[in-house]
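Colleague: Here you go, one structure.
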2 protein chains.
Amino acid sequence: MSRNKKNIAISIGDINGIGIELALKNHYIIRDLCHPIYCINQELLKQASELLEFPIPSDFTIFSTYHDFLIKPGKVSKKSGMFSYLSFLNGITLVKKGKADGVCTLPINKESWKKAGINYVGHTDMLRDIFKTEAIMMLGCEKMFVALFTEHIPLKDVAKEIKKKKLYQFFDNFYKSENPQKVAVLGLNPHAGDNGVLGNEEKEITKAILKINTILGIEVFFGPFVPDTIFTKEQRKNFKYFIAMYHDQGLAPLKALYFDEGINVSLNLPIKRTSVDHGTAFDKAYRKENTLSNLSYLNAIKKLLIE
Amino acid sequence: MSRNKKNIAISIGDINGIGIELALKNHYIIRDLCHPIYCINQELLKQASELLEFPIPSDFTIFSTYHDFLIKPGKVSKKSGMFSYLSFLNGITLVKKGKADGVCTLPINKESWKKAGINYVGHTDMLRDIFKTEAIMMLGCEKMFVALFTEHIPLKDVAKEIKKKKLYQFFDNFYKSENPQKVAVLGLNPHAGDNGVLGNEEKEITKAILKINTILGIEVFFGPFVPDTIFTKEQRKNFKYFIAMYHDQGLAPLKALYFDEGINVSLNLPIKRTSVDHGTAFDKAYRKENTLSNLSYLNAIKKLLIE
């Protein structure tokens, strides 16, 4: 291996889904960018290669993740759930031990995780538990990144989370992770509350913005902005980073604009981790007619290579 | 006036804003589409024309809306608030009396309305009160329209509004107004609740969809869809009409994609009413360097001309 390329651990995701196809078919592109280390084992790799009728590249380095079972394209399964969990664990281990500079995850299936007795909502949730830190979930592409202040909670529970102290902590963690020049913070309510007529949570957001900027000594965080007009073409010229108060507030406009190229980045962790921003696509797994977009996968790898 | 063109009442909006500039400068385009009747008076029109250094077209038909005061570009004002209210009232009256086929509204300023003692949140709210019907607010352009199930309420109050009975009534009103072939109904929660893990309101939505389709005897309403992936390019090929559960869920992606060309349409009313989807833009009012986009205004007029 040449010295100037980074080692990147690839967590294969649910092997009944499209992850392994992306890994195999894009290896010749990926290996020009970094040294990928795929967390899979020879037996499963062979099965996948045969099912996909795609030969295993000779330099396809694996870090053997043990689990022995038959691949069942498109099926929710306890065994494939457990395998994807182990593959991710191995990816994390490689980075923790300094054998890789970051881990890129291919998609897991939540139902399969549940069947396997793994109770995490997803990768980010698991990372929080392993590293005992408030990992931040950020999605997007180089044109536009959205960090989520709240993530996988019912909409009715969002408003009570909007508190100055937690917001400030989030802004601080975000700033330390991404070192952004300018960040647009969204309001919570329609028209950002319209001076209190449509909700009051914007007061907490305003206080938290004031605090972080005061402590930083420079104005980095702006807002709270009206949520439905901050993503217009005009506004996107002014900001690359956005902080959304809840899941769909940020992700609906992001995916309307840049679905194919989007990635998921975990911030505020001792390791670097990115992910594709699509699911296992069980309906497309191991299909001959496939034309899978690799934009998200390539962008996820590239983000790990930025210093 | 030729017989085959429709008469359209134009409510001028807040005359301290950009409405009158749009009306004057686009008259030569608008008059080819319809017979516009502008709800203003000769004195205010003359003032605006002088301030804008733009002559009054000879065929600029007005329906005199009386109010006598000085235009103050970009200023919140009691008098301009009252004038914009009267201009809208006259527009409505013209349609009610059969003198116009629809009314197109230019933007009002809410603060000016408040100062003038007018307590409506906006045009739609006023229409609801006048006609005593549940007017539906729909925004968008011919590529994509979003109807809002809830509008100007705090985010924390949205979840409790999601009830089968009200949803069904909304779907029924919407169907009767737009006669759509297919409508995508959004869920409320992240991942549309993920089978109840992230919220339960999707059950109410599902029941309401089932009921409306059963009563119609055909499948028109689909969903509830995952809110952050229903607006992707792929999905937008399948639907033109979307029903959002709350303001920013629908409008943030809509405006990210089609801000300039969007319009606001009032449905479920005895009269036809459309509006531009931008504000008074006080910062741009009566500026010589203006290059105002007329897309929203032209689209609002065109929507009124569709049978």
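Here, A, B, ... name the chains of the structure tokens in the order displayed, residue numbers run from 1 inside each chain, and ligands are numbered from 1 in the same displayed order.
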Residues of chain A within 7 Å of chain B, counting only C-alpha atoms, what are they? List them as number ranges by chain.
Modeller: A: 152-156, 159, 188-190, 198-199, 227-229, 231-233, 247-249, 251-253, 255-257, 259
Colleague: So that I can check the surroundings of region 135-146 of chain B, please list as a PyMOL selection string every protein, DNA and RNA residue that reaches within 10 Å of it, counting only C-alpha atoms and ignoring chain neighbours fewer than 2 positions away.
Modeller: chain B and resi 124-129+131-133+148-151+170+173-174+177+183-185+231+236-237+239-244+247+249-251+253-255+257-270+274-277+296+299-300+303
Colleague: Those same residues, written as a PDB file, in the first residue's frame with C-alpha atoms?
Modeller:
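Printed below is out06.pdb as written:
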ATOM      1  CA  THR B 124     -57.076  33.319   3.550  1.00  0.00           C
ATOM      2  CA  ASP B 125     -58.171  33.879   7.118  1.00  0.00           C
ATOM      3  CA  MET B 126     -60.301  36.825   5.993  1.00  0.00           C
ATOM      4  CA  LEU B 127     -61.868  34.762   3.201  1.00  0.00           C
ATOM      5  CA  ARG B 128     -62.799  32.052   5.714  1.00  0.00           C
ATOM      6  CA  ASP B 129     -64.558  34.632   7.813  1.00  0.00           C
ATOM      7  CA  PHE B 131     -67.579  33.082   3.305  1.00  0.00           C
ATOM      8  CA  LYS B 132     -67.862  30.983   6.479  1.00  0.00           C
ATOM      9  CA  THR B 133     -66.131  28.029   4.824  1.00  0.00           C
ATOM     10  CA  LEU B 148     -51.661  22.663   3.999  1.00  0.00           C
ATOM     11  CA  PHE B 149     -53.765  20.716   6.483  1.00  0.00           C
ATOM     12  CA  THR B 150     -52.658  23.024   9.296  1.00  0.00           C
ATOM     13  CA  GLU B 151     -51.224  26.473   8.633  1.00  0.00           C
ATOM     14  CA  PHE B 170     -60.120  18.232   4.321  1.00  0.00           C
ATOM     15  CA  ASN B 173     -62.989  19.521   0.256  1.00  0.00           C
ATOM     16  CA  PHE B 174     -59.691  19.298  -1.561  1.00  0.00           C
ATOM     17  CA  SER B 177     -61.999  21.847  -5.384  1.00  0.00           C
ATOM     18  CA  VAL B 183     -52.652  13.082  -4.288  1.00  0.00           C
ATOM     19  CA  ALA B 184     -49.686  12.257  -2.029  1.00  0.00           C
ATOM     20  CA  VAL B 185     -50.550  12.645   1.643  1.00  0.00           C
ATOM     21  CA  PHE B 231     -40.249  15.444  -2.535  1.00  0.00           C
ATOM     22  CA  ARG B 236     -42.152  14.201  -7.903  1.00  0.00           C
ATOM     23  CA  LYS B 237     -42.572  12.346 -11.165  1.00  0.00           C
ATOM     24  CA  PHE B 239     -47.349  13.284  -7.977  1.00  0.00           C
ATOM     25  CA  LYS B 240     -48.331  16.851  -8.721  1.00  0.00           C
ATOM     26  CA  TYR B 241     -50.454  17.329  -5.590  1.00  0.00           C
ATOM     27  CA  PHE B 242     -49.196  16.923  -2.024  1.00  0.00           C
ATOM     28  CA  ILE B 243     -51.011  17.394   1.271  1.00  0.00           C
ATOM     29  CA  ALA B 244     -48.701  18.466   4.094  1.00  0.00           C
ATOM     30  CA  HIS B 247     -46.715  24.651   7.200  1.00  0.00           C
ATOM     31  CA  GLN B 249     -43.236  20.366   6.083  1.00  0.00           C
ATOM     32  CA  GLY B 250     -44.661  21.303   2.720  1.00  0.00           C
ATOM     33  CA  LEU B 251     -43.396  24.816   2.134  1.00  0.00           C
ATOM     34  CA  PRO B 253     -39.176  21.794   0.111  1.00  0.00           C
ATOM     35  CA  LEU B 254     -41.544  23.676  -2.212  1.00  0.00           C
ATOM     36  CA  LYS B 255     -39.672  26.947  -1.804  1.00  0.00           C
ATOM     37  CA  LEU B 257     -37.304  24.026  -5.433  1.00  0.00           C
ATOM     38  CA  TYR B 258     -39.656  26.654  -6.878  1.00  0.00           C
ATOM     39  CA  PHE B 259     -39.560  29.841  -4.831  1.00  0.00           C
ATOM     40  CA  ASP B 260     -39.756  32.387  -7.622  1.00  0.00           C
ATOM     41  CA  GLU B 261     -42.614  30.844  -9.534  1.00  0.00           C
ATOM     42  CA  GLY B 262     -44.817  29.766  -6.623  1.00  0.00           C
ATOM     43  CA  ILE B 263     -48.321  31.070  -6.053  1.00  0.00           C
ATOM     44  CA  ASN B 264     -50.929  30.793  -3.315  1.00  0.00           C
ATOM     45  CA  VAL B 265     -54.348  29.443  -4.249  1.00  0.00           C
ATOM     46  CA  SER B 266     -57.451  29.509  -2.039  1.00  0.00           C
ATOM     47  CA  LEU B 267     -59.614  26.423  -2.503  1.00  0.00           C
ATOM     48  CA  ASN B 268     -63.020  25.418  -1.196  1.00  0.00           C
ATOM     49  CA  LEU B 269     -64.484  28.895  -1.626  1.00  0.00           C
ATOM     50  CA  PRO B 270     -67.397  30.208  -3.715  1.00  0.00           C
ATOM     51  CA  THR B 274     -54.965  33.364  -6.162  1.00  0.00           C
ATOM     52  CA  SER B 275     -52.047  35.336  -4.831  1.00  0.00           C
ATOM     53  CA  VAL B 276     -48.372  35.876  -5.351  1.00  0.00           C
ATOM     54  CA  ASP B 277     -46.325  33.821  -2.926  1.00  0.00           C
ATOM     55  CA  SER B 296     -45.265  34.458  -9.279  1.00  0.00           C
ATOM     56  CA  ASN B 299     -48.591  32.395 -12.596  1.00  0.00           C
ATOM     57  CA  ALA B 300     -51.187  33.646 -10.118  1.00  0.00           C
ATOM     58  CA  LYS B 303     -54.145  29.948 -12.534  1.00  0.00           C
TER      59      LYS B 303
END
Colleague: Got a sec: who's within 7 Å of Ala285 (chain A), counting only C-alpha atoms, leaving out chain neighbours fewer than 4 positions off, as a ChimeraX atom specification?
Modeller: /A:16-18,73-74,281
